[in-house]
>>> print(open('run25.cif').read())   # mmCIF, C-alpha atoms and all ligand atoms
data_my_file
loop_
_atom_site.label_atom_id
_atom_site.label_comp_id
_atom_site.auth_asym_id
_atom_site.auth_seq_id
_atom_site.Cartn_x
_atom_site.Cartn_y
_atom_site.Cartn_z
CA MET A 277 124.94 114.80 105.66
CA LYS A 278 126.41 111.63 104.19
CA VAL A 279 124.85 108.37 105.24
CA THR A 280 127.21 105.45 105.51
CA PRO A 281 126.25 101.97 104.26
CA GLU A 282 126.59 100.85 107.87
CA GLN A 283 123.87 103.27 109.00
CA ILE A 284 121.40 102.02 106.39
CA LYS A 285 122.35 98.43 107.11
CA THR A 286 121.74 99.04 110.82
CA VAL A 287 118.17 100.02 110.00
CA TYR A 288 117.44 97.08 107.76
CA ASP A 289 119.90 94.40 108.87
CA GLN A 290 117.92 93.60 111.94
CA SER A 291 115.45 90.85 112.22
CA ASN A 292 112.53 93.06 113.23
CA ALA A 293 112.85 95.01 109.95
CA VAL A 294 112.58 91.80 107.94
CA GLN A 295 109.79 90.60 110.23
CA HIS A 296 107.98 93.89 109.72
CA TYR A 297 108.09 93.48 105.94
CA LEU A 298 106.85 89.90 106.15
CA SER A 299 104.20 90.41 108.84
CA LYS A 300 100.59 89.67 107.91
CA SER A 301 99.34 92.81 109.70
CA ARG A 302 101.40 95.00 107.33
CA ARG A 303 99.15 93.86 104.49
CA ASP A 304 96.10 95.67 105.82
CA GLY A 305 93.02 96.59 103.79
CA VAL A 306 94.50 99.93 102.68
CA LYS A 307 97.65 98.24 101.38
CA VAL A 308 95.77 95.53 99.51
CA ASP A 309 92.81 97.57 98.19
CA TRP A 310 94.30 101.05 97.72
CA GLU A 311 98.09 101.05 97.65
CA GLU A 312 99.04 97.92 95.73
CA PRO A 313 96.56 98.49 92.86
CA PHE A 314 97.80 102.07 92.58
CA SER A 315 101.47 100.99 92.44
CA ARG A 316 100.59 98.38 89.81
CA SER A 317 98.83 101.05 87.74
CA VAL A 318 102.00 103.21 87.86
CA PHE A 319 104.11 100.19 86.78
CA LYS A 320 101.66 99.49 83.97
CA GLN A 321 101.84 103.05 82.69
CA ALA A 322 105.64 102.95 82.94
CA ILE A 323 106.04 99.83 80.81
CA ALA A 324 103.41 100.77 78.19
CA PRO A 325 105.70 102.95 76.00
CA VAL A 326 108.63 100.51 76.20
CA SER A 327 106.41 97.54 75.40
CA LYS A 328 107.77 94.79 73.22
CA ASN A 329 106.39 92.09 71.03
CA LYS A 330 104.27 89.44 72.71
CA GLY A 331 106.27 86.83 74.57
CA GLU A 332 109.50 88.85 74.64
CA LYS A 333 111.52 89.35 77.80
CA LEU A 334 110.83 92.30 80.07
CA ARG A 335 114.13 92.95 81.85
CA VAL A 336 113.58 94.61 85.21
CA VAL A 337 115.95 95.76 87.93
CA ASP A 338 114.29 96.62 91.25
CA ILE A 339 116.44 99.07 93.24
CA GLY A 340 116.17 98.64 97.04
CA ALA A 341 114.11 95.49 96.47
CA GLY A 342 113.89 94.57 100.18
CA THR A 343 112.11 91.26 100.65
CA GLY A 344 110.78 91.29 97.08
CA ASP A 345 107.48 93.20 97.26
CA GLY A 346 108.22 94.80 93.88
CA TYR A 347 108.64 91.38 92.30
CA VAL A 348 105.27 90.23 93.66
CA LEU A 349 103.53 93.42 92.50
CA LEU A 350 105.01 93.24 89.04
CA SER A 351 104.52 89.52 88.47
CA THR A 352 100.89 89.82 89.64
CA LEU A 353 100.38 92.69 87.19
CA LEU A 354 101.88 90.74 84.29
CA LEU A 355 99.88 87.64 85.16
CA LYS A 356 96.48 89.08 86.07
CA ASP A 357 96.06 92.32 84.14
CA PRO A 358 93.77 91.47 81.19
CA GLU A 359 95.74 93.73 78.82
CA LEU A 360 99.16 92.44 79.85
CA SER A 361 98.52 88.81 80.69
CA GLY A 362 100.85 86.59 78.66
CA SER A 363 102.55 89.59 77.02
CA TYR A 364 105.92 89.37 78.69
CA GLU A 365 108.38 86.93 80.08
CA LEU A 366 109.67 88.63 83.21
CA GLU A 367 113.42 88.66 83.88
CA TYR A 368 113.81 90.24 87.31
CA LEU A 369 116.82 91.30 89.36
CA GLY A 370 116.34 92.77 92.84
CA VAL A 371 119.26 94.66 94.41
CA ASP A 372 119.48 95.78 98.01
CA ILE A 373 122.15 96.98 100.41
CA SER A 374 120.93 94.77 103.26
CA THR A 375 122.21 91.21 103.33
CA GLN A 376 119.29 90.13 105.51
CA MET A 377 116.77 91.52 103.04
CA VAL A 378 118.53 89.82 100.13
CA GLU A 379 118.78 86.49 101.96
CA THR A 380 115.08 86.65 102.86
CA ALA A 381 114.11 87.51 99.27
CA ILE A 382 116.21 84.62 97.93
CA ASN A 383 114.54 82.25 100.39
CA LEU A 384 111.12 83.43 99.27
CA TYR A 385 111.54 83.74 95.50
CA GLY A 386 115.02 82.53 94.57
CA ASN A 387 113.59 79.34 93.08
CA HIS A 388 111.31 81.23 90.64
CA SER A 389 112.69 81.12 87.11
CA ASN A 390 114.37 84.30 85.81
CA VAL A 391 114.44 85.85 89.30
CA GLY A 392 117.59 86.90 91.15
CA PHE A 393 118.54 89.04 94.14
CA GLU A 394 121.93 90.63 94.76
CA CYS A 395 123.50 92.66 97.51
CA ALA A 396 124.68 96.08 96.29
CA ASP A 397 124.78 99.73 97.32
CA ILE A 398 123.09 101.74 94.58
CA ARG A 399 125.30 104.75 95.39
CA THR A 400 128.53 102.97 94.53
CA SER A 401 127.64 99.97 92.34
CA LYS A 402 127.28 99.78 88.59
CA LEU A 403 124.70 97.78 86.71
CA ALA A 404 126.33 95.23 84.43
CA ARG A 405 123.58 94.84 81.83
CA PRO A 406 120.66 96.77 80.32
CA PHE A 407 117.05 96.78 81.59
CA ASP A 408 113.70 97.84 80.18
CA LEU A 409 112.43 98.99 83.56
CA TYR A 410 114.47 100.45 86.43
CA LEU A 411 111.88 99.87 89.14
CA SER A 412 111.66 101.04 92.73
CA CYS A 413 108.94 100.86 95.36
CA GLY A 414 108.72 101.40 99.11
CA VAL A 415 110.72 104.68 98.86
CA PRO A 416 114.29 103.25 98.77
CA TYR A 417 115.68 106.39 97.09
CA SER A 418 114.61 108.48 100.10
CA HIS A 419 117.46 106.86 102.04
CA LEU A 420 119.88 108.75 99.80
CA THR A 421 120.82 112.39 100.17
CA HIS A 422 119.71 114.59 97.25
CA LYS A 423 123.27 114.48 95.90
CA GLU A 424 123.46 110.70 96.21
CA LEU A 425 120.16 110.38 94.34
CA ASP A 426 121.64 112.49 91.55
CA GLN A 427 124.69 110.17 91.45
CA ALA A 428 122.61 106.98 91.50
CA LEU A 429 120.43 108.28 88.66
CA LYS A 430 123.50 109.25 86.64
CA MET A 431 124.76 105.69 87.01
CA ILE A 432 121.40 104.38 85.75
CA VAL A 433 121.25 106.82 82.82
CA THR A 434 124.85 105.95 81.89
CA ASN A 435 123.83 102.28 81.80
CA VAL A 436 120.92 103.19 79.49
CA CYS A 437 123.18 105.20 77.16
CA GLU A 438 125.95 102.62 77.03
CA ASN A 439 123.40 100.02 75.98
CA ARG A 440 121.48 102.39 73.65
CA SER A 441 118.21 101.26 75.17
CA ARG A 442 114.70 102.62 75.51
CA CYS A 443 113.35 102.23 79.00
CA ALA A 444 111.39 103.60 81.95
CA VAL A 445 112.90 104.64 85.29
CA ILE A 446 110.57 104.73 88.30
CA VAL A 447 111.88 106.73 91.26
CA ASP A 448 109.81 106.19 94.41
CA VAL A 449 110.44 108.68 97.23
CA LEU A 450 108.65 110.14 100.24
CA GLY A 451 106.33 113.03 99.39
CA ARG A 452 107.45 116.27 101.03
CA TYR A 453 103.90 117.59 101.53
CA SER A 454 102.16 114.58 103.07
CA ILE A 455 99.67 115.34 105.85
CA GLU A 456 101.58 112.75 107.90
CA TRP A 457 104.31 115.32 108.59
CA THR A 458 102.93 118.85 108.15
CA PRO A 459 105.28 120.23 110.87
CA GLN A 460 108.23 119.20 108.65
CA TRP A 461 107.00 120.67 105.37
CA GLN A 462 109.73 123.30 105.37
CA ASN A 463 112.48 120.66 105.39
CA SER A 464 113.52 118.35 102.55
CA ARG A 465 115.61 116.03 104.73
CA TRP A 466 114.96 115.11 108.34
CA ASN A 467 115.23 112.35 110.92
CA TYR A 468 112.52 109.83 110.13
CA SER A 469 113.16 107.19 112.74
CA MET A 470 111.13 104.16 111.77
CA SER A 471 109.13 103.47 114.88
CA PHE A 472 107.66 100.27 113.50
CA PHE A 473 111.14 98.67 113.40
CA GLN A 474 112.34 99.78 116.76
CA SER A 475 112.57 97.90 119.94
CA GLU A 476 113.12 99.61 123.29
CA GLY A 477 116.47 101.38 123.54
CA ASP A 478 117.05 101.16 119.78
CA LYS A 479 116.44 104.67 118.56
CA ASP A 480 119.14 105.45 115.99
CA PRO A 481 118.32 108.44 113.79
CA THR A 482 117.31 107.65 110.21
CA TRP A 483 117.79 110.61 107.90
CA MET A 484 115.47 110.52 104.93
CA SER A 485 114.94 112.81 101.92
CA PHE A 486 111.52 114.19 100.97
CA TYR A 487 110.55 115.52 97.57
CA SER A 488 108.21 117.85 95.80
CA HIS A 489 107.45 117.12 92.15
CA GLN A 490 109.61 120.03 91.05
CA HIS A 491 112.65 119.03 93.10
CA LEU A 492 112.49 115.40 91.99
CA GLN A 493 112.06 116.32 88.32
CA GLU A 494 115.03 118.70 88.56
CA ILE A 495 117.29 115.92 89.86
CA MET A 496 116.03 113.40 87.26
CA GLN A 497 116.49 115.90 84.41
CA GLN A 498 119.94 116.90 85.68
CA ALA A 499 121.07 113.27 85.65
CA ALA A 500 119.82 112.80 82.08
CA ASN A 501 121.42 116.08 80.93
CA ALA A 502 124.76 115.25 82.55
CA VAL A 503 124.95 111.98 80.63
CA GLY A 504 123.42 113.46 77.45
CA CYS A 505 120.46 111.09 77.30
CA PRO A 506 117.21 112.30 75.72
CA VAL A 507 114.16 112.19 78.02
CA GLU A 508 110.96 111.27 76.17
CA LYS A 509 108.73 112.44 79.01
CA PHE A 510 108.17 112.63 82.76
CA GLU A 511 105.13 111.80 84.84
CA PHE A 512 104.53 112.05 88.57
CA PHE A 513 102.06 110.23 90.81
CA ASP A 514 101.08 110.68 94.47
CA ARG A 515 100.12 107.59 96.43
CA SER A 516 98.35 107.54 99.82
CA ILE A 517 97.34 111.15 100.27
CA MET A 518 94.99 110.46 103.20
CA VAL A 519 96.07 106.99 104.31
CA GLY A 520 99.87 106.94 104.69
CA ARG A 521 101.09 104.66 107.48
CA HIS A 522 101.97 107.59 109.71
CA THR A 523 98.34 108.67 109.91
CA SER A 524 98.16 105.55 112.10
CA THR A 525 101.36 106.06 114.11
CA ARG A 526 100.85 109.88 114.20
CA GLN A 527 104.53 109.97 115.01
CA PHE A 528 105.28 113.17 113.10
CA ASN A 529 101.90 114.89 113.42
CA PRO A 530 100.27 113.93 116.73
CA GLY A 531 97.04 115.88 116.14
CA LEU A 532 96.22 114.03 112.91
CA PRO A 533 93.02 111.92 112.77
CA ASN A 534 93.95 108.26 112.21
CA TYR A 535 92.63 108.12 108.65
CA ARG A 536 94.35 104.85 107.72
CA ASP A 537 92.72 103.01 110.64
CA LEU A 538 89.37 104.60 109.79
CA VAL A 539 89.58 103.50 106.14
CA ASN A 540 90.66 100.01 107.26
CA SER A 541 87.58 100.00 109.45
CA LEU A 542 85.37 100.98 106.46
CA LEU A 543 86.82 98.01 104.58
CA SER A 544 86.30 95.56 107.42
CA PRO A 545 82.80 93.97 107.56
CA SER A 546 83.12 93.32 111.29
CA GLN A 547 83.79 96.95 112.27
CA GLN A 548 81.48 99.94 112.50
CA THR A 549 83.14 103.28 111.71
CA ASP A 550 82.38 106.68 113.19
CA LEU A 551 82.14 108.45 109.81
CA SER A 552 82.36 111.94 111.31
CA GLN A 553 85.99 111.12 112.26
CA LEU A 554 86.82 110.80 108.58
CA ILE A 555 86.26 114.49 107.93
CA PHE A 556 89.44 116.18 106.69
CA GLN A 557 90.52 118.37 109.59
CA VAL A 558 94.24 118.88 109.23
CA GLU A 559 96.22 121.95 110.10
CA LEU A 560 98.44 122.41 107.05
CA GLY A 561 102.07 123.55 107.20
CA ALA A 562 103.92 126.21 105.22
CA ALA A 563 103.88 125.26 101.54
CA PRO A 564 103.74 126.78 98.05
CA GLU A 565 100.31 128.05 97.02
CA HIS A 566 99.59 125.21 94.55
CA ILE A 567 100.00 122.67 97.38
CA LEU A 568 97.65 124.55 99.70
CA ASP A 569 95.24 125.05 96.85
CA PHE A 570 95.25 121.31 96.11
CA PHE A 571 94.43 120.47 99.74
CA ARG A 572 91.60 123.06 99.79
CA LYS A 573 89.98 121.42 96.77
CA PHE A 574 90.74 117.83 97.72
CA SER A 575 89.48 118.20 101.30
CA SER A 576 86.20 119.74 100.10
CA TRP A 577 85.60 116.74 97.78
CA TRP A 578 86.61 114.23 100.44
CA ASN A 579 84.33 115.84 103.03
CA ARG A 580 81.44 116.03 100.56
CA LEU A 581 81.62 112.26 99.95
CA VAL A 582 81.85 111.49 103.68
CA SER A 583 78.88 113.71 104.37
CA ASP A 584 76.87 112.11 101.50
CA ALA A 585 77.39 108.81 103.32
CA THR A 586 76.37 110.16 106.70
CA GLU A 587 73.21 111.61 105.14
CA LEU A 588 72.29 108.13 103.92
CA LEU A 589 72.60 106.99 107.53
CA GLY A 590 70.29 109.80 108.66
CA GLU A 591 73.20 111.50 110.48
CA PRO A 592 73.89 114.64 108.38
CA LEU A 593 77.02 116.73 108.91
CA ALA A 594 77.17 120.45 108.22
CA ILE A 595 79.35 120.31 105.09
CA ALA A 596 79.24 122.83 102.23
CA THR A 597 77.98 121.53 98.90
CA VAL A 598 80.70 121.44 96.23
CA GLU A 599 80.77 120.08 92.73
CA LEU A 600 82.57 116.75 92.70
CA PRO A 601 85.04 115.66 89.98
CA PRO A 602 83.30 113.63 87.23
CA GLU A 603 85.02 110.38 88.31
CA VAL A 604 83.21 110.36 91.67
CA GLN A 605 79.98 112.11 90.81
CA GLY A 606 76.78 110.20 91.47
CA PHE A 607 78.07 108.35 94.53
CA LYS A 608 75.10 109.25 96.71
CA ALA A 609 72.48 108.32 94.10
CA ALA A 610 74.27 105.04 93.26
CA ALA A 611 74.59 104.11 96.94
CA GLN A 612 70.95 104.98 97.59
CA LYS A 613 69.85 102.76 94.70
CA GLU A 614 72.04 99.85 95.76
CA LEU A 615 70.99 100.07 99.40
CA GLN A 616 67.24 100.54 98.95
CA GLN A 617 66.56 96.79 99.01
CA ILE A 618 68.46 96.25 102.27
CA SER A 619 66.28 96.39 105.35
CA ASP A 620 68.79 94.90 107.80
CA LYS A 621 70.42 97.91 109.51
CA HIS A 622 73.77 96.24 110.09
CA LEU A 623 74.04 95.03 106.51
CA TYR A 624 72.98 98.45 105.20
CA ARG A 625 75.74 100.17 107.14
CA GLN A 626 78.33 97.55 106.23
CA LYS A 627 77.58 97.93 102.52
CA LEU A 628 77.53 101.74 102.71
CA GLU A 629 80.87 101.85 104.51
CA PHE A 630 82.39 99.60 101.85
CA MET A 631 80.99 101.78 99.05
CA LEU A 632 82.36 104.88 100.78
CA ALA A 633 85.84 103.31 100.95
CA GLN A 634 85.65 102.54 97.22
CA VAL A 635 84.67 106.07 96.23
CA LEU A 636 87.29 107.67 98.51
CA ARG A 637 89.93 105.39 96.94
CA LYS A 638 88.78 106.49 93.50
CA LEU A 639 88.94 110.14 94.58
CA GLU A 640 92.58 109.71 95.67
CA ALA A 641 93.58 107.69 92.62
CA THR A 642 91.99 110.00 90.04
CA GLN A 643 92.66 113.41 91.61
CA GLN A 644 96.24 112.92 92.82
CA PRO A 645 98.26 115.68 91.14
CA GLY A 646 101.76 114.16 91.42
CA TYR A 647 102.97 117.13 93.50
CA GLY A 648 104.49 115.23 96.46
CA VAL A 649 101.29 115.42 98.56
CA GLY A 650 101.09 111.72 99.45
CA HIS A 651 103.23 109.28 101.42
CA ASP A 652 104.91 108.15 98.17
CA LEU A 653 105.80 110.25 95.17
CA PHE A 654 106.56 108.20 92.06
CA GLY A 655 108.54 110.00 89.37
CA VAL A 656 108.61 108.17 86.05
CA MET A 657 111.16 109.12 83.39
CA TRP A 658 111.10 107.53 79.95
CA LEU A 659 114.47 107.53 78.20
CA ASP A 660 115.30 106.77 74.59
CA ALA A 661 118.99 106.26 73.85
CA THR A 662 118.41 104.15 70.74
CA ARG A 663 119.49 106.92 68.33
CA LEU A 664 122.61 108.06 70.19
C1 LIG B 701 111.44 100.70 102.76
S1 LIG B 701 112.38 99.42 102.07
C2 LIG B 701 111.47 98.96 100.62
C3 LIG B 701 111.70 97.54 100.22
C4 LIG B 701 110.86 97.04 99.05
N1 LIG B 701 111.17 97.72 97.81
C5 LIG B 701 109.39 97.14 99.35
O1 LIG B 701 108.67 97.84 98.64
O2 LIG B 701 108.94 96.51 100.33
C6 LIG B 701 113.76 100.29 101.42
C7 LIG B 701 114.88 99.37 100.98
O3 LIG B 701 115.91 100.14 100.37
C8 LIG B 701 117.15 99.53 100.69
N2 LIG B 701 118.23 100.51 100.51
C9 LIG B 701 118.43 101.64 101.21
N3 LIG B 701 119.53 102.25 100.77
C10 LIG B 701 120.03 101.52 99.76
C11 LIG B 701 121.18 101.64 98.91
N4 LIG B 701 122.04 102.66 99.05
N5 LIG B 701 121.40 100.68 97.97
C12 LIG B 701 120.54 99.63 97.85
N6 LIG B 701 119.45 99.46 98.63
C13 LIG B 701 119.20 100.39 99.58
C14 LIG B 701 116.96 99.10 102.14
O4 LIG B 701 117.89 98.10 102.54
C15 LIG B 701 115.52 98.59 102.10
O5 LIG B 701 115.42 97.23 101.86
#
>>> encode(input="run25.cif", output="structure tokens", more="lines below")
Ligand SMILES: C[S@@+](CC[C@H](N)C(=O)[O-])C[C@H]1O[C@@H](n2cnc3c(N)ncnc32)[C@H](O)[C@@H]1O
Amino acid sequence: MKVTPEQIKTVYDQSNAVQHYLSKSRRDGVKVDWEEPFSRSVFKQAIAPVSKNKGEKLRVVDIGAGTGDGYVLLSTLLLKDPELSGSYELEYLGVDISTQMVETAINLYGNHSNVGFECADIRTSKLARPFDLYLSCGVPYSHLTHKELDQALKMIVTNVCENRSRCAVIVDVLGRYSIEWTPQWQNSRWNYSMSFFQSEGDKDPTWMSFYSHQHLQEIMQQAANAVGCPVEKFEFFDRSIMVGRHTSTRQFNPGLPNYRDLVNSLLSPSQQTDLSQLIFQVELGAAPEHILDFFRKFSSWWNRLVSDATELLGEPLAIATVELPPEVQGFKAAAQKELQQISDKHLYRQKLEFMLAQVLRKLEATQQPGYGVGHDLFGVMWLDATRL
């Protein structure tokens, strides 16, 4: 099904979409402590191989830039990361189909030097100059049909070849096998009406595309092959396996525990969390064996860490003992040591909940397989057209 520019614009060219992106409540603990650092780490890995000499320009185009979140993420990374700080002079262009998004982004960041925003449809527009990083975040490519994604990527790869450049292309899409939508796992494109934008009586369908690692890599490789551009390598990253926004709305999987709210509660000093609710208890959908196998392993590690925390509270859960991955081993002993000095019960619990949130974040970040099992699937493709 072809999506017209008007349909996409209808979704985003409405003030509540812009308001949603700018609202303070959108930047909850999970976004700030889990999601944004993970996205920055993907950006960092993407730019590492195309890195330049100190002080040189890093030319970035952000596809589906919205109100400029990608610009903020990237400029924070370049400013604050100890290994990157002072390395690059950022030259950033954000493109988006929605005039309202572009106007808002210009109002927010248009006066920053070397920053621009333009209105364009990635399916039909051409890029006029070369870039070192073809960035995307917030799943803009999922608005495109699979065929349109192929076309948009061909346009990007053609731009790379024409300019004989070496660069990274980050393609951020919705993961097909997220627990947020297990009943839809058999479909790669379905109506994902964005409840958080809608007001009463405004329920237009929003068709979105969902990807497994294999499907996304196929499309990326096809685009490179069609243009004849050598791919140096691919990498894939899952973000928000347990804490996607729709674990809060439960719009596509009503029986799902509200993991995002629970993790936000762990991160909030003023809230006490019922840790037993955090146990992974999700009825999975139909999926290839490696996906089911991942969830079997991941859920056993997740549950082990939750139950280690409940044991420290003197409220044990009946969870099987499993060996944890090296990155998160020793959580219980470290927490015990850290907490032994604390006699105040409230403070003890507060600190333990915070430590649990940190170790669960680390579990997600280090064990994500890049299969399409999270809310976002980032595909990174490094291209080298310098010898063509
Ligand atoms: C979910 S928002 C993400 C915005 C931003 N990157 C962020 O992370 O907050 C997706 C964006 O993709 C834009 N978009 C959708 N289809 C597009 C197209 N064909 N060309 C350009 N932008 C598009 C939408 O207007 C919207 O701003």
>>> closest_residue(input="run25.cif", among="A:Phe556, A:Phe607, A:Trp466, A:Trp483", to="ligand LIG 701 (chain B)", atoms="only C-alpha atoms and all ligand atoms")
A:Trp483
>>> atom_distance(input="run25.cif", atom1="atom CA of A:Glu456", atom2="atom CA of A:Val582")
20.2 Å
>>> residues_near_ligand(input="run25.cif", ligand="ligand LIG 701 (chain B)", cutoff="9 Å", atoms="all atoms listed in the file", output="ChimeraX atom specification")
/A:279-281,284-285,287-289,293-294,297,338-347,370-378,395-401,411-420,424,428
>>> residues_around(input="run25.cif", residues="stretch 484-489 of chain A", least_positions_apart="4", cutoff="8 Å", atoms="all atoms listed in the file", output="VMD selection string")
chain A and resid 418 to 422 449 to 453 463 to 468 493 512 646 to 649 653 655
>>> write_last_selection(input="run25.cif", atoms="C-alpha atoms", output="PDB file, in the frame of the given file")
ATOM      1  CA  SER A 418     114.610 108.480 100.100  1.00  0.00           C
ATOM      2  CA  HIS A 419     117.460 106.860 102.040  1.00  0.00           C
ATOM      3  CA  LEU A 420     119.880 108.750  99.800  1.00  0.00           C
ATOM      4  CA  THR A 421     120.820 112.390 100.170  1.00  0.00           C
ATOM      5  CA  HIS A 422     119.710 114.590  97.250  1.00  0.00           C
ATOM      6  CA  VAL A 449     110.440 108.680  97.230  1.00  0.00           C
ATOM      7  CA  LEU A 450     108.650 110.140 100.240  1.00  0.00           C
ATOM      8  CA  GLY A 451     106.330 113.030  99.390  1.00  0.00           C
ATOM      9  CA  ARG A 452     107.450 116.270 101.030  1.00  0.00           C
ATOM     10  CA  TYR A 453     103.900 117.590 101.530  1.00  0.00           C
ATOM     11  CA  ASN A 463     112.480 120.660 105.390  1.00  0.00           C
ATOM     12  CA  SER A 464     113.520 118.350 102.550  1.00  0.00           C
ATOM     13  CA  ARG A 465     115.610 116.030 104.730  1.00  0.00           C
ATOM     14  CA  TRP A 466     114.960 115.110 108.340  1.00  0.00           C
ATOM     15  CA  ASN A 467     115.230 112.350 110.920  1.00  0.00           C
ATOM     16  CA  TYR A 468     112.520 109.830 110.130  1.00  0.00           C
ATOM     17  CA  GLN A 493     112.060 116.320  88.320  1.00  0.00           C
ATOM     18  CA  PHE A 512     104.530 112.050  88.570  1.00  0.00           C
ATOM     19  CA  GLY A 646     101.760 114.160  91.420  1.00  0.00           C
ATOM     20  CA  TYR A 647     102.970 117.130  93.500  1.00  0.00           C
ATOM     21  CA  GLY A 648     104.490 115.230  96.460  1.00  0.00           C
ATOM     22  CA  VAL A 649     101.290 115.420  98.560  1.00  0.00           C
ATOM     23  CA  LEU A 653     105.800 110.250  95.170  1.00  0.00           C
ATOM     24  CA  GLY A 655     108.540 110.000  89.370  1.00  0.00           C
TER      25      GLY A 655
END
>>> residues_near_point(input="run25.cif", point="(86.6, 110.4, 110.0)", cutoff="9 Å", atoms="all atoms listed in the file", output="PyMOL selection string")
chain A and resi 533-535+538-539+549-557+582
>>> closest_residue(input="run25.cif", among="A:Val348, A:Val336, A:Leu623, A:Leu384", to="A:Glu367", atoms="all atoms listed in the file")
A:Val336
>>> closest_residue(input="run25.cif", among="A:Glu359, A:Glu379, A:Glu603, A:Glu614", to="A:Lys638", atoms="only C-alpha atoms")
A:Glu603
>>> atom_distance(input="run25.cif", atom1="atom CA of A:Gln626", atom2="atom CA of A:Gln548")
7.4 Å
>>> closest_residue(input="run25.cif", among="A:Thr380, A:Gln644, A:Asn387, A:Ser619", to="A:Ile517", atoms="all atoms listed in the file")
A:Gln644
>>> atom_distance(input="run25.cif", atom1="atom CA of A:Gln295", atom2="atom CA of A:Lys307")
16.9 Å
>>> residues_around(input="run25.cif", residues="A:Trp461", least_positions_apart="4", cutoff="9 Å", atoms="only C-alpha atoms", output="PDB file with C-alpha atoms, keeping the file's coordinate frame")
ATOM      1  CA  ARG A 452     107.450 116.270 101.030  1.00  0.00           C
ATOM      2  CA  TYR A 453     103.900 117.590 101.530  1.00  0.00           C
ATOM      3  CA  SER A 454     102.160 114.580 103.070  1.00  0.00           C
ATOM      4  CA  TRP A 457     104.310 115.320 108.590  1.00  0.00           C
ATOM      5  CA  LEU A 560      98.440 122.410 107.050  1.00  0.00           C
ATOM      6  CA  GLY A 561     102.070 123.550 107.200  1.00  0.00           C
ATOM      7  CA  ALA A 562     103.920 126.210 105.220  1.00  0.00           C
ATOM      8  CA  ALA A 563     103.880 125.260 101.540  1.00  0.00           C
TER       9      ALA A 563
END
>>> closest_residue(input="run25.cif", among="A:Ile323, A:Leu615, A:Ala633, A:Leu425", to="A:Leu589", atoms="all atoms listed in the file")
A:Leu615
>>> closest_residue(input="run25.cif", among="A:Gln547, A:Arg303, A:Pro506, A:Arg521", to="A:Phe630", atoms="only C-alpha atoms")
A:Gln547
>>> residues_around(input="run25.cif", residues="A:Thr525", least_positions_apart="4", cutoff="10 Å", atoms="all atoms listed in the file", output="ChimeraX atom specification")
/A:456,471-472,520-521,529-530,532,534,536-537
>>> write_last_selection(input="run25.cif", atoms="C-alpha atoms", output="compact mmCIF listing (two decimals), in the frame of the given file")
# COMPACT_ATOMS: atom_id res chain seq x y z
CA GLU A 456 101.58 112.75 107.90
CA SER A 471 109.13 103.47 114.88
CA PHE A 472 107.66 100.27 113.50
CA GLY A 520 99.87 106.94 104.69
CA ARG A 521 101.09 104.66 107.48
CA ASN A 529 101.90 114.89 113.42
CA PRO A 530 100.27 113.93 116.73
CA LEU A 532 96.22 114.03 112.91
CA ASN A 534 93.95 108.26 112.21
CA ARG A 536 94.35 104.85 107.72
CA ASP A 537 92.72 103.01 110.64
>>> axis_aligned_box(input="run25.cif", around="stretch 595-611 of chain A", padding_each_side="3 Å", output="lines of an AutoDock Vina configuration file")
center_x = 78.8
center_y = 113.5
center_z = 96.2
size_x = 18.6
size_y = 24.7
size_z = 23.9
